[in-house]
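A short write-up of the structure that comes next.
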Amino acid sequence: MKPTDVYTQRIADGAVSDDPAQRLTLARLDDLYAKLDGYKAKPQWSLTGIFGQSAPRPNGLYMYGGVGTGKSMLMDLFFDQAPIRLKQRVHFHAFMQKIQETLHIARQSGAEDAIIPVAKQIVQTTTLLCIDEMQITDIADAMIVGRLFEHLLDAGIIIVTTSNRHPDDLYKQGLNRNLFLPFIELVKERFDIHDMSSTVDHRRNRLEGEQTYFTPHNADATHQMNTLWQQLAGGDGDVLVIERKGRKIDLPRFANGIGWASFDDLCAKPLGPGDYLAIADTVRVLFVPDIPTLSAANNNEAKRFVTLIDALYEAKVKLIVSAAAEAEALYPKGKGAFEFERTVSRLNEMQSADWANG
């Protein structure tokens, strides 16, 4: 069944709301769906390390737009329907984490060019590769993804990806960005670029009217947060590891741009401002259960929590929490209570209807 037909059925079932901008995107996905019917790249690895394929390769699709426009939902719909047996759907951060691990193994084995065996491994198991939330934040990822995509595309792999940015804005103002420009040109040449502009933010709408701050953090709060997670994420999710400067930041649950990590996961560990910025750059909605009352006794955790909220607030990440007390009573007295007042204000603002509506 082509993507538009599934979308129409979901509208009839009340699962989604009709959106003209999403309909335009679905027309692109329907077109690619038709081209994939019977498509077999049949990649082969030659003695010179160059790929070849036995069938003309359709362009990939690069969908970009703001938070809540439905990019991930439509890509998942397309992925489920795509008439391809060898297909893989992955979040960009998880994809790069796996690539880095495979590169390390290839280098240890003495590979002269580690990208080649990594690309070969993907080609052997994948014809359609769907990558959600592409974003380039450091030069190492920029250089790896450029060369890797070139090999995969030459092999006949079809790539569909979503991003918050137009290709021209990827890794904008990044260090040595000129080295990344050939990749941008590759994307513009071999992908259809589609702007998913929409006046509707569906993710925010799903939060409109929903409670997002639960107190106290008891069994009932846990149940309500788990219910809301299922509504937004659509599944249990997987562990996501964000690598930053050789360290690993764990989010125990992650699905469709939505993350879940407890207060201890985020604030009892020695994380810094850059780590919280990396988290805020990765998730669009963050669940944080089990926030305790704060005081001088756990002042380090409190300081990290302040930094976390600042990062989430500036990035406009939606926040869903359970806490031991209302925001005003989280840090009732003692050294640090005065500095916490700004965090109280931000926590209250992030619960408001205006915040959910962006």
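Here, A, B, ... name the chains of the structure tokens in the order displayed, residue numbers run from 1 inside each chain, and ligands are numbered from 1 in the same displayed order.
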I'd like the contact shell of stretch 14-24 of chain A - 7 Å cut-off, only C-alpha atoms, skipping same-chain residues fewer than 4 positions apart - returned as a PDB file with C-alpha atoms, in the first residue's frame.
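Ended up saving to result-v1.pdb:
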```pdb
ATOM      1  CA  ARG A  10      -4.963   6.768   9.643  1.00  0.00           C
ATOM      2  CA  ARG A  28       7.262  12.690  -2.932  1.00  0.00           C
ATOM      3  CA  MET A 196       8.236  20.329   4.943  1.00  0.00           C
ATOM      4  CA  SER A 197       7.000  23.779   5.874  1.00  0.00           C
ATOM      5  CA  SER A 198       3.805  23.568   7.888  1.00  0.00           C
TER       6      SER A 198
END
```
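Running DSSP on the backbone gives strand (DSSP E) for these residues within stretch 297-356 of chain A: Lys318, Leu319, Ile320, Val321, Ser322 and Ala323 of chain A.
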Selection near A:Leu32, 12 Å with only C-alpha atoms, sequence-local residues under 4 positions removed, as a ChimeraX atom specification: /A:2-4,25-28,36-39,57-62,75,78-79,81-84,128,158-160,191-192
Just the selected residues (C-alpha atoms), exported as a compact mmCIF listing (two decimals), in the first residue's frame, please.
```
# COMPACT_ATOMS: atom_id res chain seq x y z
CA LYS A 2 1.46 3.37 -0.97
CA PRO A 3 2.17 5.87 1.81
CA THR A 4 -0.70 8.22 0.96
CA THR A 25 5.53 15.30 1.30
CA LEU A 26 3.55 12.11 0.80
CA ALA A 27 3.44 12.80 -2.95
CA ARG A 28 7.26 12.69 -2.93
CA LEU A 36 11.46 1.09 -5.43
CA ASP A 37 9.03 -1.57 -6.59
CA GLY A 38 11.28 -4.26 -8.02
CA TYR A 39 14.43 -2.18 -7.45
CA ARG A 57 19.35 4.40 -8.82
CA PRO A 58 16.46 6.72 -7.93
CA ASN A 59 17.42 9.89 -6.12
CA GLY A 60 17.32 9.79 -2.36
CA LEU A 61 14.99 12.11 -0.46
CA TYR A 62 16.08 14.77 2.03
CA MET A 75 9.47 8.64 7.06
CA PHE A 78 7.23 5.17 4.16
CA PHE A 79 9.78 2.79 5.69
CA GLN A 81 5.48 0.31 3.37
CA ALA A 82 8.62 0.36 1.23
CA PRO A 83 8.72 -2.75 -1.01
CA ILE A 84 12.33 -3.47 -0.10
CA LEU A 128 17.06 1.31 1.66
CA ILE A 158 18.64 4.58 -1.52
CA ILE A 159 18.86 7.03 1.36
CA VAL A 160 15.93 8.89 2.88
CA PHE A 191 18.80 13.79 -3.30
CA ASP A 192 15.47 15.43 -3.93
```
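Considering only C-alpha atoms, the residue among A:Ile139, A:Ile115, A:Ile144, A:Ala323 positioned nearest to A:Gln173 is A:Ile139.
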Env of stretch 256-263 of chain A: 6 Å cut, atoms = only C-alpha atoms, seq-sep filter 4 positions within chain, self excluded. Answer as a list in words. Ala233, Leu251, Pro252, Cys267, Val283, Arg284, Val285, Leu286, Phe287, Val288, Pro289, Asp290 and Ile291 of chain A
Write out, as a PDB file, in the first residue's frame, the residues just selected, with N, CA and C atoms.
```pdb
ATOM      1  N   ALA A 233       5.957   8.703  21.740  1.00  0.00           N
ATOM      2  CA  ALA A 233       7.074   7.968  21.125  1.00  0.00           C
ATOM      3  C   ALA A 233       6.610   6.788  20.290  1.00  0.00           C
ATOM      4  N   LEU A 251      21.181   8.001  27.162  1.00  0.00           N
ATOM      5  CA  LEU A 251      19.750   8.224  27.354  1.00  0.00           C
ATOM      6  C   LEU A 251      19.112   6.832  27.361  1.00  0.00           C
ATOM      7  N   PRO A 252      18.589   6.373  28.499  1.00  0.00           N
ATOM      8  CA  PRO A 252      18.097   5.000  28.597  1.00  0.00           C
ATOM      9  C   PRO A 252      16.975   4.658  27.629  1.00  0.00           C
ATOM     10  N   CYS A 267      21.963  14.239  36.255  1.00  0.00           N
ATOM     11  CA  CYS A 267      22.536  15.212  37.189  1.00  0.00           C
ATOM     12  C   CYS A 267      23.412  14.611  38.279  1.00  0.00           C
ATOM     13  N   VAL A 283      17.326  15.771  21.276  1.00  0.00           N
ATOM     14  CA  VAL A 283      15.925  15.442  21.556  1.00  0.00           C
ATOM     15  C   VAL A 283      15.029  16.634  21.280  1.00  0.00           C
ATOM     16  N   ARG A 284      13.786  16.347  20.957  1.00  0.00           N
ATOM     17  CA  ARG A 284      12.779  17.382  20.790  1.00  0.00           C
ATOM     18  C   ARG A 284      11.853  17.433  22.000  1.00  0.00           C
ATOM     19  N   VAL A 285      11.722  16.298  22.672  1.00  0.00           N
ATOM     20  CA  VAL A 285      10.956  16.185  23.916  1.00  0.00           C
ATOM     21  C   VAL A 285      11.806  15.350  24.869  1.00  0.00           C
ATOM     22  N   LEU A 286      11.874  15.767  26.156  1.00  0.00           N
ATOM     23  CA  LEU A 286      12.658  15.003  27.137  1.00  0.00           C
ATOM     24  C   LEU A 286      11.810  14.719  28.368  1.00  0.00           C
ATOM     25  N   PHE A 287      11.728  13.426  28.740  1.00  0.00           N
ATOM     26  CA  PHE A 287      11.089  12.991  29.978  1.00  0.00           C
ATOM     27  C   PHE A 287      12.169  12.871  31.052  1.00  0.00           C
ATOM     28  N   VAL A 288      11.937  13.524  32.199  1.00  0.00           N
ATOM     29  CA  VAL A 288      12.884  13.440  33.319  1.00  0.00           C
ATOM     30  C   VAL A 288      12.102  13.081  34.581  1.00  0.00           C
ATOM     31  N   PRO A 289      12.038  11.809  34.952  1.00  0.00           N
ATOM     32  CA  PRO A 289      11.346  11.422  36.180  1.00  0.00           C
ATOM     33  C   PRO A 289      12.245  11.534  37.415  1.00  0.00           C
ATOM     34  N   ASP A 290      11.586  11.556  38.573  1.00  0.00           N
ATOM     35  CA  ASP A 290      12.255  11.400  39.879  1.00  0.00           C
ATOM     36  C   ASP A 290      13.180  12.551  40.244  1.00  0.00           C
ATOM     37  N   ILE A 291      12.722  13.783  40.025  1.00  0.00           N
ATOM     38  CA  ILE A 291      13.499  14.939  40.483  1.00  0.00           C
ATOM     39  C   ILE A 291      13.280  15.097  41.990  1.00  0.00           C
TER      40      ILE A 291
END
```
List every residue of stretch 3-184 of chain A that DSSP, applied to the backbone of this structure, places in alpha helix (DSSP H), and write the result as an MDAnalysis selection string. chainID A and resid 3:13 20:36 71:81 92:108 115:125 139:154 181:184
Selection: 8 Å around A:Ala324, only C-alpha atoms, excl. self and same-chain fewer than 4 positions, as a PDB file with N, CA and C atoms, in the first residue's frame:
```
ATOM      1  N   THR A 215       3.611  15.709  40.267  1.00  0.00           N
ATOM      2  CA  THR A 215       4.132  15.707  41.624  1.00  0.00           C
ATOM      3  C   THR A 215       3.061  15.165  42.569  1.00  0.00           C
ATOM      4  N   PRO A 216       3.467  14.369  43.558  1.00  0.00           N
ATOM      5  CA  PRO A 216       4.818  13.856  43.802  1.00  0.00           C
ATOM      6  C   PRO A 216       5.169  12.751  42.809  1.00  0.00           C
ATOM      7  N   HIS A 217       6.436  12.352  42.787  1.00  0.00           N
ATOM      8  CA  HIS A 217       6.828  11.305  41.848  1.00  0.00           C
ATOM      9  C   HIS A 217       6.572   9.929  42.473  1.00  0.00           C
ATOM     10  N   ASP A 290      11.586  11.556  38.573  1.00  0.00           N
ATOM     11  CA  ASP A 290      12.255  11.400  39.879  1.00  0.00           C
ATOM     12  C   ASP A 290      13.180  12.551  40.244  1.00  0.00           C
ATOM     13  N   ILE A 291      12.722  13.783  40.025  1.00  0.00           N
ATOM     14  CA  ILE A 291      13.499  14.939  40.483  1.00  0.00           C
ATOM     15  C   ILE A 291      13.280  15.097  41.990  1.00  0.00           C
ATOM     16  N   PRO A 292      14.335  15.058  42.802  1.00  0.00           N
ATOM     17  CA  PRO A 292      14.167  15.165  44.260  1.00  0.00           C
ATOM     18  C   PRO A 292      14.115  16.626  44.703  1.00  0.00           C
ATOM     19  N   THR A 293      13.840  16.856  45.970  1.00  0.00           N
ATOM     20  CA  THR A 293      14.034  18.190  46.515  1.00  0.00           C
ATOM     21  C   THR A 293      15.536  18.461  46.568  1.00  0.00           C
ATOM     22  N   LEU A 330      11.004  23.052  45.079  1.00  0.00           N
ATOM     23  CA  LEU A 330      12.075  22.085  44.822  1.00  0.00           C
ATOM     24  C   LEU A 330      13.357  22.444  45.567  1.00  0.00           C
TER      25      LEU A 330
END
```
So that I can check the surroundings of stretch 269-278 of chain A, please list as a PyMOL selection string every protein, DNA and RNA residue that reaches within 12 Å of it, counting only C-alpha atoms and ignoring chain neighbours fewer than 2 positions away. chain A and resi 93+135-138+241-251+262-267+280-284+286+300-317
Once you have the residues from the selection above, write them out as a compact mmCIF listing (two decimals), in the first residue's frame, restricted to N, CA and C atoms.
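File written: part.txt
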```txt
# COMPACT_ATOMS: atom_id res chain seq x y z
N HIS A 93 22.20 9.95 15.35
CA HIS A 93 23.21 9.79 16.40
C HIS A 93 23.55 8.32 16.62
N GLN A 135 21.99 15.75 11.70
CA GLN A 135 22.58 17.02 12.13
C GLN A 135 24.07 16.80 12.34
N ILE A 136 24.86 17.72 11.85
CA ILE A 136 26.31 17.60 11.92
C ILE A 136 26.81 18.63 12.92
N THR A 137 27.49 18.17 13.98
CA THR A 137 27.94 19.09 15.02
C THR A 137 29.45 19.13 15.20
N ASP A 138 30.18 18.21 14.57
CA ASP A 138 31.64 18.30 14.70
C ASP A 138 32.29 17.84 13.40
N VAL A 241 23.24 6.39 22.90
CA VAL A 241 24.51 6.87 23.45
C VAL A 241 24.99 8.02 22.58
N ILE A 242 25.14 9.18 23.18
CA ILE A 242 25.66 10.35 22.48
C ILE A 242 27.15 10.46 22.80
N GLU A 243 27.97 10.40 21.80
CA GLU A 243 29.41 10.51 22.02
C GLU A 243 29.85 11.96 21.89
N ARG A 244 30.59 12.41 22.86
CA ARG A 244 31.08 13.80 22.85
C ARG A 244 32.47 13.85 23.46
N LYS A 245 33.44 14.23 22.64
CA LYS A 245 34.82 14.39 23.10
C LYS A 245 35.33 13.14 23.82
N GLY A 246 35.04 11.99 23.23
CA GLY A 246 35.54 10.74 23.76
C GLY A 246 34.76 10.18 24.94
N ARG A 247 33.73 10.89 25.38
CA ARG A 247 32.90 10.41 26.48
C ARG A 247 31.53 10.02 25.95
N LYS A 248 30.81 9.23 26.73
CA LYS A 248 29.51 8.75 26.30
C LYS A 248 28.43 9.24 27.26
N ILE A 249 27.35 9.79 26.69
CA ILE A 249 26.19 10.26 27.45
C ILE A 249 25.04 9.33 27.11
N ASP A 250 24.51 8.64 28.13
CA ASP A 250 23.46 7.65 27.90
C ASP A 250 22.07 8.24 28.12
N LEU A 251 21.18 8.00 27.16
CA LEU A 251 19.75 8.22 27.35
C LEU A 251 19.11 6.83 27.36
N SER A 262 16.42 9.72 33.80
CA SER A 262 16.07 10.15 35.15
C SER A 262 16.96 11.31 35.61
N PHE A 263 16.55 11.91 36.72
CA PHE A 263 17.36 12.97 37.31
C PHE A 263 18.77 12.47 37.58
N ASP A 264 18.90 11.26 38.15
CA ASP A 264 20.23 10.72 38.44
C ASP A 264 21.03 10.47 37.16
N ASP A 265 20.37 10.00 36.10
CA ASP A 265 21.06 9.79 34.83
C ASP A 265 21.71 11.08 34.35
N LEU A 266 21.02 12.19 34.58
CA LEU A 266 21.44 13.47 34.01
C LEU A 266 22.24 14.35 34.96
N CYS A 267 21.96 14.24 36.25
CA CYS A 267 22.54 15.21 37.19
C CYS A 267 23.41 14.61 38.28
N ALA A 280 20.24 18.53 24.34
CA ALA A 280 19.20 19.43 23.84
C ALA A 280 19.18 19.48 22.32
N ASP A 281 20.33 19.26 21.71
CA ASP A 281 20.42 19.26 20.26
C ASP A 281 19.92 17.96 19.65
N THR A 282 19.79 16.92 20.50
CA THR A 282 19.41 15.60 20.02
C THR A 282 17.92 15.33 20.16
N VAL A 283 17.33 15.77 21.28
CA VAL A 283 15.92 15.44 21.56
C VAL A 283 15.03 16.63 21.28
N ARG A 284 13.79 16.35 20.96
CA ARG A 284 12.78 17.38 20.79
C ARG A 284 11.85 17.43 22.00
N LEU A 286 11.87 15.77 26.16
CA LEU A 286 12.66 15.00 27.14
C LEU A 286 11.81 14.72 28.37
N ASN A 300 25.79 19.98 44.04
CA ASN A 300 26.36 19.71 42.72
C ASN A 300 25.30 19.24 41.74
N GLU A 301 24.42 18.35 42.23
CA GLU A 301 23.33 17.88 41.38
C GLU A 301 22.39 19.03 41.02
N ALA A 302 22.14 19.90 41.99
CA ALA A 302 21.27 21.05 41.74
C ALA A 302 21.85 21.98 40.68
N LYS A 303 23.16 22.22 40.75
CA LYS A 303 23.80 23.08 39.76
C LYS A 303 23.70 22.46 38.36
N ARG A 304 23.89 21.16 38.29
CA ARG A 304 23.77 20.50 36.98
C ARG A 304 22.34 20.59 36.46
N PHE A 305 21.38 20.46 37.37
CA PHE A 305 19.97 20.55 36.96
C PHE A 305 19.67 21.93 36.40
N VAL A 306 20.18 22.97 37.03
CA VAL A 306 20.01 24.34 36.53
C VAL A 306 20.58 24.46 35.12
N THR A 307 21.77 23.91 34.92
CA THR A 307 22.41 23.97 33.61
C THR A 307 21.62 23.19 32.57
N LEU A 308 21.11 22.03 32.97
CA LEU A 308 20.28 21.22 32.07
C LEU A 308 19.04 21.99 31.63
N ILE A 309 18.32 22.57 32.59
CA ILE A 309 17.10 23.31 32.25
C ILE A 309 17.42 24.49 31.34
N ASP A 310 18.52 25.18 31.60
CA ASP A 310 18.92 26.29 30.72
C ASP A 310 19.12 25.82 29.28
N ALA A 311 19.79 24.68 29.12
CA ALA A 311 20.06 24.16 27.77
C ALA A 311 18.76 23.76 27.08
N LEU A 312 17.87 23.08 27.80
CA LEU A 312 16.60 22.65 27.23
C LEU A 312 15.73 23.85 26.88
N TYR A 313 15.73 24.85 27.77
CA TYR A 313 14.92 26.05 27.56
C TYR A 313 15.36 26.80 26.31
N GLU A 314 16.66 27.02 26.17
CA GLU A 314 17.16 27.77 25.02
C GLU A 314 16.92 27.01 23.71
N ALA A 315 16.93 25.68 23.77
CA ALA A 315 16.72 24.88 22.56
C ALA A 315 15.24 24.61 22.29
N LYS A 316 14.36 25.13 23.17
CA LYS A 316 12.91 24.93 23.02
C LYS A 316 12.52 23.46 23.06
N VAL A 317 13.22 22.69 23.86
CA VAL A 317 12.88 21.27 24.04
C VAL A 317 11.68 21.18 24.97
```
List the neighbours of A:Tyr331 out to 6 Å using only C-alpha atoms; skip same-chain residues closer than 2 positions along the sequence, and give me the result as number ranges by chain. A: 294-295, 329, 333, 337
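Across the model, the gap from atom CA of A:Gln121 to atom CA of A:Ile279 is 29.0 Å.
Take atom CA of A:Glu133 and atom CA of A:Val321: the distance between them is 23.7 Å.
Atom CA of A:Gly234 lies 18.9 Å from atom CA of A:Thr8.
Residue nearest A:Leu179 within the list A:Gly146, A:Gly65, A:Gly235, A:Gly156: A:Gly146 [criterion: smallest interatomic distance, only C-alpha atoms].
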